[in-house]
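Okay, upload_14.tsv now, which holds TSV, C-alpha atoms:
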```tsv
chain	number	residue	atom	x	y	z
T	3	MET	CA	5.73	14.89	19.62
T	4	ASP	CA	5.07	13.60	23.10
T	5	ASP	CA	6.82	10.57	24.53
T	6	CYS	CA	5.18	7.26	23.75
T	7	ALA	CA	5.80	3.53	24.16
T	8	VAL	CA	9.00	2.28	22.52
T	9	PHE	CA	8.98	-0.94	20.50
T	10	THR	CA	12.53	-2.31	20.31
T	11	TYR	CA	13.57	-5.11	17.98
T	12	THR	CA	16.56	-6.92	16.53
T	13	GLU	CA	17.08	-8.95	13.37
T	14	GLU	CA	16.17	-12.02	15.45
T	15	ASP	CA	12.57	-10.73	15.40
T	16	PHE	CA	12.33	-11.00	11.60
T	17	VAL	CA	9.79	-13.67	10.62
T	18	LYS	CA	11.49	-16.11	8.27
T	19	ASP	CA	8.56	-18.35	7.34
T	20	PHE	CA	4.81	-18.62	7.78
T	21	SER	CA	4.55	-22.35	8.42
T	22	SER	CA	2.92	-21.84	11.84
T	23	PRO	CA	0.27	-19.10	11.64
T	24	SER	CA	0.65	-16.75	14.61
T	25	LYS	CA	0.99	-13.05	15.31
T	26	SER	CA	4.41	-11.54	15.98
T	27	ARG	CA	5.20	-9.04	18.74
T	28	PHE	CA	5.03	-6.32	16.10
T	29	ASP	CA	1.58	-7.45	14.87
T	30	ILE	CA	0.24	-7.59	18.43
T	31	ALA	CA	1.52	-4.08	19.24
T	32	LEU	CA	0.20	-2.58	16.00
T	33	ARG	CA	-3.15	-4.37	15.85
T	34	SER	CA	-4.06	-3.90	19.52
T	35	GLY	CA	-2.94	-0.26	19.62
T	36	TRP	CA	-4.76	0.55	16.37
T	37	THR	CA	-7.98	-1.12	17.58
T	38	GLU	CA	-7.85	0.84	20.85
T	39	LYS	CA	-7.46	4.13	18.93
T	40	MET	CA	-10.46	3.22	16.75
T	41	LYS	CA	-12.57	2.49	19.84
T	42	ALA	CA	-11.45	5.83	21.33
T	43	GLY	CA	-12.84	7.68	18.30
T	44	LEU	CA	-9.50	9.11	17.14
T	45	PHE	CA	-10.15	8.38	13.45
T	46	ARG	CA	-12.19	10.54	11.09
T	47	TYR	CA	-14.60	7.64	10.55
T	48	HIS	CA	-15.24	4.12	11.82
T	49	LEU	CA	-13.71	1.50	9.55
T	50	GLY	CA	-15.70	-1.73	9.54
T	51	ASP	CA	-15.36	-4.67	7.15
T	52	LEU	CA	-15.05	-3.22	3.66
T	53	ASP	CA	-17.02	-4.57	0.69
T	54	THR	CA	-14.39	-6.34	-1.42
T	55	ARG	CA	-14.45	-8.06	-4.80
T	56	ILE	CA	-11.74	-9.53	-7.03
T	57	LEU	CA	-12.18	-8.26	-10.59
T	58	PRO	CA	-12.31	-11.04	-13.19
T	59	GLY	CA	-9.15	-11.20	-15.30
T	60	PRO	CA	-5.46	-12.12	-15.11
T	61	CYS	CA	-4.46	-9.01	-13.08
T	62	GLY	CA	-6.54	-10.11	-10.09
T	63	PHE	CA	-7.31	-6.50	-9.07
T	64	ILE	CA	-8.69	-6.27	-5.51
T	65	ALA	CA	-11.50	-3.69	-5.45
T	66	GLN	CA	-12.74	-2.27	-2.14
T	67	LEU	CA	-15.48	0.23	-1.37
T	68	ASN	CA	-14.29	2.98	1.01
T	69	ILE	CA	-16.66	5.92	0.49
T	70	LEU	CA	-15.82	7.69	3.75
T	71	ARG	CA	-12.10	8.04	2.94
T	72	GLY	CA	-13.03	9.96	-0.21
T	73	VAL	CA	-15.27	12.29	1.81
T	74	GLU	CA	-13.47	12.68	5.14
T	75	ARG	CA	-9.73	12.59	4.40
T	76	ARG	CA	-7.57	15.66	4.99
T	77	LYS	CA	-7.28	17.98	1.98
T	78	PRO	CA	-3.96	17.23	0.22
T	79	GLN	CA	-1.30	19.95	0.24
T	80	GLU	CA	-0.51	21.86	-2.93
T	81	ILE	CA	2.54	20.21	-4.47
T	82	VAL	CA	4.44	21.93	-7.26
T	83	SER	CA	7.71	19.97	-7.43
T	84	ILE	CA	9.11	16.52	-6.63
T	85	ARG	CA	11.96	18.30	-4.77
T	86	GLN	CA	9.76	20.71	-2.84
T	87	ASN	CA	11.24	21.88	0.48
T	88	PHE	CA	9.59	21.05	3.78
T	89	ASP	CA	7.29	23.91	4.84
T	90	PRO	CA	6.81	24.25	8.63
T	91	ASN	CA	3.70	26.37	8.06
T	92	GLN	CA	1.87	23.53	6.32
T	93	PHE	CA	0.44	20.50	8.12
T	94	HIS	CA	3.13	18.03	9.17
T	95	PHE	CA	3.35	15.08	11.56
T	96	ASN	CA	4.79	17.09	14.45
T	97	LYS	CA	1.40	18.85	14.60
T	98	ILE	CA	-0.76	15.77	15.17
T	99	ASN	CA	-2.81	15.02	18.27
T	100	PRO	CA	-0.33	13.12	20.52
T	101	LYS	CA	-3.02	10.47	21.07
T	102	GLU	CA	-2.57	9.43	17.42
T	103	LEU	CA	0.87	7.99	18.27
T	104	LEU	CA	0.96	4.20	18.47
T	105	PHE	CA	4.60	3.65	19.42
T	106	GLU	CA	8.17	4.50	18.56
T	107	LEU	CA	10.08	1.88	16.58
T	108	GLN	CA	13.70	1.48	17.61
T	109	LYS	CA	16.15	-1.13	16.37
T	110	VAL	CA	18.79	-2.56	18.66
T	111	ILE	CA	21.72	-1.98	16.33
T	112	SER	CA	24.48	-4.38	15.37
T	113	GLU	CA	27.96	-3.05	14.57
T	114	SER	CA	27.48	-3.77	10.84
T	115	ASP	CA	24.23	-1.83	10.43
T	116	GLN	CA	24.91	1.75	9.32
T	117	ASN	CA	21.49	2.84	7.95
T	118	GLY	CA	19.58	2.21	11.16
T	119	ARG	CA	22.19	3.43	13.67
T	120	ASN	CA	20.63	5.33	16.60
T	121	LYS	CA	17.61	6.26	14.50
T	122	LYS	CA	13.99	6.21	15.61
T	123	CYS	CA	10.70	6.06	13.73
T	124	LYS	CA	7.28	7.10	15.00
T	125	ILE	CA	4.32	4.89	14.11
T	126	ILE	CA	1.09	6.90	14.06
T	127	ILE	CA	-2.44	6.07	12.97
T	128	ASN	CA	-3.65	7.27	9.60
T	129	VAL	CA	-6.84	9.02	10.71
T	130	SER	CA	-8.40	8.36	7.26
T	131	PRO	CA	-7.66	4.62	7.01
T	132	LEU	CA	-7.66	2.58	3.80
T	133	GLU	CA	-7.74	-0.74	5.61
T	134	PHE	CA	-7.28	-2.35	9.02
T	135	GLY	CA	-4.08	-1.26	10.77
T	136	HIS	CA	-3.43	1.64	8.37
T	137	CYS	CA	-0.59	3.58	9.98
T	138	LEU	CA	2.13	6.03	8.98
T	139	LEU	CA	5.82	5.30	9.49
T	140	VAL	CA	7.54	8.65	10.11
T	141	PRO	CA	11.35	8.43	10.42
T	142	GLU	CA	12.84	11.01	12.80
T	143	PRO	CA	9.89	13.41	12.48
T	144	ASP	CA	11.67	16.21	14.37
T	145	ARG	CA	14.22	16.46	11.55
T	146	CYS	CA	11.46	17.58	9.17
T	147	TYR	CA	12.63	15.68	6.09
T	148	PRO	CA	10.69	16.39	2.87
T	149	GLN	CA	8.90	13.50	1.12
T	150	ILE	CA	12.02	12.05	-0.54
T	151	LEU	CA	13.11	8.51	0.30
T	152	THR	CA	16.21	8.02	2.46
T	153	PRO	CA	18.11	4.80	3.24
T	154	MET	CA	16.65	4.84	6.75
T	155	ALA	CA	13.07	5.13	5.42
T	156	VAL	CA	13.54	2.26	2.95
T	157	GLN	CA	15.19	0.09	5.61
T	158	ILE	CA	12.35	0.71	8.09
T	159	GLY	CA	9.82	-0.11	5.38
T	160	ILE	CA	11.43	-3.47	4.61
T	161	GLU	CA	12.07	-4.28	8.26
T	162	THR	CA	8.47	-3.69	9.35
T	163	VAL	CA	7.32	-6.13	6.66
T	164	LEU	CA	9.91	-8.63	7.98
T	165	LEU	CA	8.71	-8.02	11.57
T	166	SER	CA	5.14	-9.02	10.68
T	167	ALA	CA	4.06	-12.66	10.76
T	168	ASP	CA	1.13	-11.71	8.52
T	169	PRO	CA	1.93	-11.87	4.77
T	170	GLY	CA	-0.92	-9.38	4.30
T	171	PHE	CA	1.02	-6.53	5.97
T	172	ARG	CA	2.23	-4.11	3.27
T	173	VAL	CA	4.20	-0.86	3.22
T	174	GLY	CA	4.24	1.82	0.54
T	175	PHE	CA	5.44	5.29	-0.39
T	176	ASN	CA	4.09	8.03	-2.67
T	177	SER	CA	6.56	10.65	-3.89
T	178	LEU	CA	5.58	14.26	-4.35
T	179	GLY	CA	3.78	14.39	-7.69
T	180	GLY	CA	2.82	10.74	-7.09
T	181	PHE	CA	-0.20	11.58	-4.91
T	182	ALA	CA	1.70	12.17	-1.65
T	183	SER	CA	-0.61	14.46	0.30
T	184	VAL	CA	1.84	15.66	3.00
T	185	ASN	CA	5.39	16.89	2.35
T	186	HIS	CA	6.92	15.34	5.48
T	187	LEU	CA	8.79	12.05	5.04
T	188	HIS	CA	6.44	9.12	5.70
T	189	LEU	CA	5.48	5.66	4.48
T	190	HIS	CA	2.13	3.89	4.74
T	191	GLY	CA	1.62	0.49	6.37
T	192	TYR	CA	-1.58	-1.56	6.45
T	193	TYR	CA	-3.03	-5.09	6.40
T	194	LEU	CA	-4.75	-6.43	3.28
T	195	ASP	CA	-5.98	-9.97	3.76
T	196	HIS	CA	-5.84	-10.97	0.09
T	197	GLN	CA	-3.02	-12.42	-1.96
T	198	MET	CA	-1.87	-10.01	-4.67
T	199	ARG	CA	-0.70	-10.83	-8.17
T	200	LEU	CA	2.37	-8.67	-7.46
T	201	GLU	CA	3.65	-11.23	-4.94
T	202	SER	CA	4.37	-13.79	-7.65
T	203	SER	CA	4.37	-11.82	-10.92
T	204	PRO	CA	7.25	-12.64	-13.31
T	205	ALA	CA	10.27	-10.36	-13.66
T	206	GLU	CA	13.32	-10.12	-15.90
T	207	LEU	CA	16.78	-9.66	-14.33
T	208	ILE	CA	18.31	-6.50	-15.82
T	209	HIS	CA	21.19	-5.70	-13.43
T	210	PRO	CA	22.62	-8.74	-11.58
T	211	GLN	CA	25.08	-6.83	-9.33
T	212	ASN	CA	22.24	-4.84	-7.77
T	213	ASN	CA	19.69	-7.66	-8.00
T	214	LEU	CA	17.47	-5.35	-10.08
T	215	PHE	CA	14.58	-6.79	-12.09
T	216	ARG	CA	11.99	-5.34	-14.44
T	217	LEU	CA	8.39	-6.50	-13.95
T	218	VAL	CA	7.03	-8.19	-17.03
T	219	ASP	CA	3.36	-7.81	-16.09
T	220	PHE	CA	1.26	-4.64	-16.21
T	221	PRO	CA	2.02	-2.10	-14.81
T	222	THR	CA	5.73	-2.12	-15.65
T	223	GLY	CA	8.04	-1.26	-12.77
T	224	PHE	CA	11.40	-2.09	-11.19
T	225	LEU	CA	11.68	-4.93	-8.68
T	226	PHE	CA	14.16	-5.77	-5.92
T	227	TYR	CA	14.00	-8.95	-3.84
T	228	THR	CA	15.58	-9.76	-0.48
T	229	GLN	CA	15.27	-12.38	2.23
T	230	GLY	CA	17.37	-10.41	4.72
T	231	PRO	CA	18.74	-10.16	7.29
T	232	ASP	CA	21.47	-7.97	5.72
T	233	LEU	CA	19.49	-5.36	3.79
T	234	THR	CA	22.34	-2.97	2.95
T	235	LEU	CA	22.65	-3.90	-0.74
T	236	THR	CA	18.90	-3.75	-1.34
T	237	VAL	CA	18.37	-0.51	0.61
T	238	ASN	CA	21.23	1.28	-1.17
T	239	ALA	CA	20.11	0.04	-4.61
T	240	VAL	CA	16.50	1.15	-4.01
T	241	CYS	CA	17.68	4.61	-2.90
T	242	LYS	CA	20.05	4.90	-5.84
T	243	LEU	CA	17.11	4.18	-8.14
T	244	THR	CA	14.74	6.66	-6.47
T	245	ASP	CA	17.51	9.31	-6.28
T	246	ILE	CA	17.89	9.04	-10.06
T	247	MET	CA	14.15	9.63	-10.42
T	248	VAL	CA	14.24	12.62	-8.06
T	249	ASP	CA	17.20	14.08	-10.03
T	250	LYS	CA	15.25	13.63	-13.27
T	251	ASN	CA	12.09	15.04	-11.66
T	252	ILE	CA	10.18	11.79	-12.22
T	253	ALA	CA	7.41	11.03	-9.72
T	254	HIS	CA	7.28	7.47	-8.37
T	255	ASN	CA	5.46	5.08	-6.08
T	256	LEU	CA	6.97	2.24	-4.05
T	257	PHE	CA	5.36	-0.88	-2.61
T	258	ILE	CA	6.89	-3.42	-0.21
T	259	THR	CA	5.25	-6.81	0.25
T	260	ARG	CA	6.05	-10.40	1.06
T	261	GLY	CA	6.54	-12.35	-2.15
T	262	CYS	CA	8.26	-15.22	-3.85
T	263	PRO	CA	11.72	-15.05	-5.46
T	264	PRO	CA	11.68	-13.73	-9.04
T	265	ASN	CA	12.98	-17.10	-10.26
T	266	LYS	CA	9.82	-18.71	-8.81
T	267	ALA	CA	7.59	-16.09	-10.41
T	268	GLY	CA	4.22	-17.10	-11.80
T	269	ASP	CA	3.72	-19.70	-9.08
T	270	PRO	CA	1.22	-18.31	-6.52
T	271	SER	CA	1.76	-21.37	-4.31
T	272	SER	CA	5.48	-20.61	-3.96
T	273	ALA	CA	6.61	-19.60	-0.46
T	274	ARG	CA	6.33	-15.85	0.21
T	275	ASN	CA	9.12	-15.76	2.76
T	276	GLY	CA	11.13	-13.00	1.08
T	277	VAL	CA	10.31	-9.34	0.45
T	278	ARG	CA	9.60	-7.71	-2.90
T	279	VAL	CA	10.25	-3.97	-3.25
T	280	VAL	CA	8.64	-2.51	-6.38
T	281	VAL	CA	9.22	1.03	-7.71
T	282	TRP	CA	7.02	2.47	-10.45
T	283	PRO	CA	8.15	5.63	-12.26
T	284	ARG	CA	5.06	7.58	-13.31
T	285	LEU	CA	3.79	10.84	-14.75
T	286	SER	CA	3.68	13.65	-12.20
T	287	CYS	CA	0.36	15.03	-10.98
T	288	PHE	CA	0.62	18.57	-9.63
T	289	GLY	CA	-2.71	20.03	-8.58
T	290	ALA	CA	-4.33	17.52	-10.93
T	291	LYS	CA	-8.02	16.77	-10.82
T	292	GLU	CA	-8.62	13.57	-8.89
T	293	GLU	CA	-10.17	10.60	-10.67
T	294	SER	CA	-13.81	10.02	-9.72
T	295	ALA	CA	-13.29	6.26	-9.23
T	296	PHE	CA	-9.84	6.07	-7.61
T	297	ASN	CA	-6.51	7.87	-7.61
T	298	VAL	CA	-3.46	6.08	-9.01
T	299	ALA	CA	-0.89	5.83	-6.22
T	300	LEU	CA	0.97	3.09	-4.32
T	301	CYS	CA	-2.06	0.85	-3.62
T	302	GLU	CA	-3.59	1.03	-7.07
T	303	LEU	CA	-0.34	0.27	-8.91
T	304	ALA	CA	0.06	-2.77	-6.65
T	305	GLY	CA	-3.44	-3.98	-7.58
T	306	HIS	CA	-5.42	-2.78	-4.53
T	307	LEU	CA	-8.20	-0.40	-5.60
T	308	PRO	CA	-10.03	1.60	-2.88
T	309	PHE	CA	-13.15	3.01	-4.61
T	310	LYS	CA	-14.88	6.21	-3.54
T	311	ASN	CA	-18.35	5.38	-4.90
T	312	ARG	CA	-20.50	2.26	-5.11
T	313	LYS	CA	-21.41	2.49	-8.81
T	314	ASP	CA	-17.78	2.39	-9.99
T	315	TYR	CA	-16.95	-0.28	-7.42
T	316	GLU	CA	-19.75	-2.57	-8.61
T	317	THR	CA	-19.40	-2.07	-12.38
T	318	VAL	CA	-15.73	-1.45	-13.18
T	319	THR	CA	-13.89	-4.00	-15.33
T	320	GLU	CA	-10.21	-4.95	-15.47
T	321	GLU	CA	-9.81	-3.21	-18.84
T	322	GLU	CA	-11.32	0.03	-17.48
T	323	VAL	CA	-8.96	-0.09	-14.49
T	324	LYS	CA	-5.96	-0.60	-16.79
T	325	GLU	CA	-7.11	2.32	-18.94
T	326	ILE	CA	-7.19	4.65	-15.90
T	327	ILE	CA	-3.78	3.43	-14.66
T	328	ARG	CA	-2.17	3.78	-18.12
T	329	LYS	CA	-2.88	7.53	-18.07
T	330	TYR	CA	-0.43	7.88	-15.15
T	331	LEU	CA	2.36	5.60	-16.35
T	332	LEU	CA	5.44	6.70	-18.27
T	333	PRO	CA	5.00	5.97	-22.00
T	334	GLU	CA	6.91	2.82	-23.03
T	335	GLU	CA	9.59	4.80	-24.87
T	336	GLU	CA	10.25	7.06	-21.85
T	337	PHE	CA	10.40	4.02	-19.54
T	338	SER	CA	12.99	2.36	-21.82
T	339	GLU	CA	15.09	5.56	-21.92
T	340	LEU	CA	14.93	5.77	-18.12
T	341	GLN	CA	15.97	2.13	-17.83
T	342	LYS	CA	19.02	2.76	-20.07
T	343	HIS	CA	19.96	5.78	-17.94
T	344	ILE	CA	19.61	3.72	-14.74
T	345	MET	CA	21.84	0.96	-16.17
T	346	LYS	CA	24.55	3.56	-16.88
T	347	GLN	CA	24.26	5.11	-13.41
T	348	PHE	CA	24.36	1.72	-11.69
```
What does this structure look like when you write it as structure tokens?
Amino acid sequence: MDDCAVFTYTEEDFVKDFSSPSKSRFDIALRSGWTEKMKAGLFRYHLGDLDTRILPGPCGFIAQLNILRGVERRKPQEIVSIRQNFDPNQFHFNKINPKELLFELQKVISESDQNGRNKKCKIIINVSPLEFGHCLLVPEPDRCYPQILTPMAVQIGIETVLLSADPGFRVGFNSLGGFASVNHLHLHGYYLDHQMRLESSPAELIHPQNNLFRLVDFPTGFLFYTQGPDLTLTVNAVCKLTDIMVDKNIAHNLFITRGCPPNKAGDPSSARNGVRVVVWPRLSCFGAKEESAFNVALCELAGHLPFKNRKDYETVTEEEVKEIIRKYLLPEEEFSELQKHIMKQF
């Protein structure tokens, strides 16, 4: 990858509350750079304002029509295992057009921070965007890590959410077998200007030492919550959880968003100053036929549904969405067994 602008930050740049609406340095760099790349024609299609509707029902699913992503996006790689090795012959992010680079993210490290020490992350545009600002966070791309979460990747994911003054900035991760399309370590980041049910949904504390919760609402997943600035406990606990899933060959999706503390759950008006990290174990999809309406990956499990065709977008109901998502979730019994195993390992 060619040299590009470097965005440096410290924990002092983390946005602690949203009482005065403004854009942070991070938002300005990302939004302005992304808009310039769109004007320069570097994306596979022009992304305007997307048709959006909130499906009636308690889940509050956010449906969006994005036909061009379904048509124009890069063909996903063939994935056969959650622990598949990196293949230099396949597409990876060291092969992109250098103009797709937005900037390099670099933290000015404190003595206590081990996960981020002397590490860099490239921020590149996603040329088939889901929403405004859709970018890829690629930690140390030259090291050619496969698509398995590392402490550095989780920390960067949480920290970029903390760097944004916009509660609509989200970050997510798809494992191999969980609809990751490229086997080169990366996370997705994008803006979604709608409040999500996930930000305030109730959760049950299941492991106090690791601050681990289980989501009560559909779809069931594991939840961590942090307000920073010290993220070590949260980062290590998230990675311990995803490592267990990798060891057991269980595909998973992760979503990071601003949200309220679990003890304030169910109150959408509660302050969203902290960060929720949700991990959903799910059934693996290897070479599976894609759904005609939408695939079930990080966005969909979080309640954001990018539709590929207008008919489904206009007619789908909450129950139909839940029926599609259920096909990809672990059966209740398997989820409970996994939870017991995680409790033992923790």
(Q) Please list as an MDAnalysis selection string every residue within 9 Å of segment 161-164 of chain T, counting all atoms listed in the file and excluding residues in the same chain fewer than 2 positions away. (A) chainID T and resid 13 15:18 28 156:159 166:169 171:173 191 229:231 233 258:260 275:277
For the selection you just gave me, I'd like the residues written to a file as a PDB file, in the coordinates of the input, keeping C-alpha atoms.
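Output file out.pdb follows:
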```pdb
ATOM      1  CA  GLU T  13      17.080  -8.950  13.370  1.00  0.00           C
ATOM      2  CA  ASP T  15      12.570 -10.730  15.400  1.00  0.00           C
ATOM      3  CA  PHE T  16      12.330 -11.000  11.600  1.00  0.00           C
ATOM      4  CA  VAL T  17       9.790 -13.670  10.620  1.00  0.00           C
ATOM      5  CA  LYS T  18      11.490 -16.110   8.270  1.00  0.00           C
ATOM      6  CA  PHE T  28       5.030  -6.320  16.100  1.00  0.00           C
ATOM      7  CA  VAL T 156      13.540   2.260   2.950  1.00  0.00           C
ATOM      8  CA  GLN T 157      15.190   0.090   5.610  1.00  0.00           C
ATOM      9  CA  ILE T 158      12.350   0.710   8.090  1.00  0.00           C
ATOM     10  CA  GLY T 159       9.820  -0.110   5.380  1.00  0.00           C
ATOM     11  CA  SER T 166       5.140  -9.020  10.680  1.00  0.00           C
ATOM     12  CA  ALA T 167       4.060 -12.660  10.760  1.00  0.00           C
ATOM     13  CA  ASP T 168       1.130 -11.710   8.520  1.00  0.00           C
ATOM     14  CA  PRO T 169       1.930 -11.870   4.770  1.00  0.00           C
ATOM     15  CA  PHE T 171       1.020  -6.530   5.970  1.00  0.00           C
ATOM     16  CA  ARG T 172       2.230  -4.110   3.270  1.00  0.00           C
ATOM     17  CA  VAL T 173       4.200  -0.860   3.220  1.00  0.00           C
ATOM     18  CA  GLY T 191       1.620   0.490   6.370  1.00  0.00           C
ATOM     19  CA  GLN T 229      15.270 -12.380   2.230  1.00  0.00           C
ATOM     20  CA  GLY T 230      17.370 -10.410   4.720  1.00  0.00           C
ATOM     21  CA  PRO T 231      18.740 -10.160   7.290  1.00  0.00           C
ATOM     22  CA  LEU T 233      19.490  -5.360   3.790  1.00  0.00           C
ATOM     23  CA  ILE T 258       6.890  -3.420  -0.210  1.00  0.00           C
ATOM     24  CA  THR T 259       5.250  -6.810   0.250  1.00  0.00           C
ATOM     25  CA  ARG T 260       6.050 -10.400   1.060  1.00  0.00           C
ATOM     26  CA  ASN T 275       9.120 -15.760   2.760  1.00  0.00           C
ATOM     27  CA  GLY T 276      11.130 -13.000   1.080  1.00  0.00           C
ATOM     28  CA  VAL T 277      10.310  -9.340   0.450  1.00  0.00           C
TER      29      VAL T 277
END
```
Could the centre and edge lengths of an axis-aligned box, enclosing all atoms of segment 223-234 of chain T in the file with 8 Å extra on each side, be given in Å to one decimal as JSON?
```
{"center_x": 15.2, "center_y": -6.8, "center_z": -2.7, "size_x": 30.3, "size_y": 27.1, "size_z": 36.1}
```
(Q) Counting all atoms listed in the file, which residue out of T:Gly174, T:Pro153, T:Pro90, T:Pro283 sits closest to Asn251 of chain T? (A) T:Pro283
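Using only C-alpha atoms, the contacts of Glu320 of chain T at a cut-off of 9 Å, with sequence neighbours closer than 2 positions omitted, comprise T:Leu57, T:Pro58, T:Gly59, T:Pro60, T:Cys61, T:Gly62, T:Phe63, T:Val318, T:Glu322, T:Val323, T:Lys324, T:Glu325.
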Sorted per-residue table, segment 148-257 of chain T near segment 297-306 of chain T, closest atoms and distance, 8 Å, only C-alpha atoms, as JSON lines:
```
{"residue": "T:Gly174", "atom": "CA", "partner": "T:Leu300", "partner_atom": "CA", "distance": 6.0}
{"residue": "T:Phe175", "atom": "CA", "partner": "T:Leu300", "partner_atom": "CA", "distance": 6.3}
{"residue": "T:Asn176", "atom": "CA", "partner": "T:Leu300", "partner_atom": "CA", "distance": 6.1}
{"residue": "T:Gly180", "atom": "CA", "partner": "T:Ala299", "partner_atom": "CA", "distance": 6.2}
{"residue": "T:Phe181", "atom": "CA", "partner": "T:Ala299", "partner_atom": "CA", "distance": 5.9}
{"residue": "T:Met198", "atom": "CA", "partner": "T:Gly305", "partner_atom": "CA", "distance": 6.9}
{"residue": "T:Arg199", "atom": "CA", "partner": "T:Gly305", "partner_atom": "CA", "distance": 7.4}
{"residue": "T:Leu200", "atom": "CA", "partner": "T:Ala304", "partner_atom": "CA", "distance": 6.4}
{"residue": "T:Pro221", "atom": "CA", "partner": "T:Leu303", "partner_atom": "CA", "distance": 6.8}
{"residue": "T:Asn255", "atom": "CA", "partner": "T:Leu300", "partner_atom": "CA", "distance": 5.2}
{"residue": "T:Leu256", "atom": "CA", "partner": "T:Leu300", "partner_atom": "CA", "distance": 6.1}
{"residue": "T:Phe257", "atom": "CA", "partner": "T:Leu300", "partner_atom": "CA", "distance": 6.2}
```
Q: One decimal, Å: what's the distance from atom CA of His254 of chain T over to atom CA of Cys241 of chain T, could you say?
A: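 Pair atom CA of His254 of chain T / atom CA of Cys241 of chain T returns 12.1 Å.
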Q: One decimal, Å: what's the distance from atom CA of Val129 of chain T over to atom CA of Ser34 of chain T, could you say?
A: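 So the two atoms, atom CA of Val129 of chain T and atom CA of Ser34 of chain T, lie 15.9 Å apart.
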Q) So which one's closest to Ile160 of chain T, T:Arg278, T:Lys109, T:Lys313, T:His196? Using all atoms listed in the file, please. A) T:Arg278
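Minimum distance to Ile252 of chain T across T:Leu225, T:Ile344, T:Val280, T:Ile84 (counting all atoms listed in the file) occurs at T:Ile84.
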Q: Write out as an MDAnalysis selection string each polymer residue whose atoms come within 10 Å of Arg145 of chain T, counting all atoms listed in the file; drop sequence neighbours fewer than 2 positions from it.
A: chainID T and resid 96 141:143 147:148 186:187
Q: Pick out the closest residue to Thr236 of chain T from this set: T:Asn212, T:Gln341, T:Thr222, T:Asn311. Count all atoms listed in the file.
A: T:Asn212
(Q) One decimal, in Å: what's the spacing between atom CA of His188 of chain T and atom CA of Glu336 of chain T? (A)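 Atom-to-atom, atom CA of His188 of chain T and atom CA of Glu336 of chain T are spaced 27.9 Å apart.
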Quick one: segment 151-179 of chain T from the block, C-alpha atoms, as a short mmCIF file (atom, residue, chain, number, x, y, z; two decimals), in the first residue's frame.
```cif
data_model
loop_
_atom_site.label_atom_id
_atom_site.label_comp_id
_atom_site.auth_asym_id
_atom_site.auth_seq_id
_atom_site.Cartn_x
_atom_site.Cartn_y
_atom_site.Cartn_z
CA LEU T 151 -10.45 -11.19 15.31
CA THR T 152 -7.37 -10.04 17.22
CA PRO T 153 -7.15 -7.77 20.29
CA MET T 154 -5.84 -4.97 18.08
CA ALA T 155 -8.79 -5.29 15.67
CA VAL T 156 -11.37 -5.25 18.49
CA GLN T 157 -9.65 -2.30 20.16
CA ILE T 158 -9.58 -0.29 16.91
CA GLY T 159 -13.26 -1.09 16.36
CA ILE T 160 -14.26 0.22 19.79
CA GLU T 161 -11.93 3.21 19.60
CA THR T 162 -13.24 4.42 16.23
CA VAL T 163 -16.77 4.39 17.67
CA LEU T 164 -15.46 6.40 20.65
CA LEU T 165 -13.67 8.82 18.28
CA SER T 166 -16.92 9.68 16.49
CA ALA T 167 -19.22 12.39 17.82
CA ASP T 168 -22.04 10.84 15.78
CA PRO T 169 -23.97 8.10 17.64
CA GLY T 170 -24.91 6.76 14.19
CA PHE T 171 -21.34 5.61 13.43
CA ARG T 172 -21.18 1.81 13.75
CA VAL T 173 -18.49 -0.84 13.31
CA GLY T 174 -18.93 -4.54 12.58
CA PHE T 175 -17.18 -7.78 11.71
CA ASN T 176 -18.20 -10.91 9.81
CA SER T 177 -16.23 -14.09 10.48
CA LEU T 178 -15.48 -16.59 7.76
CA GLY T 179 -18.65 -18.64 7.39
#
```
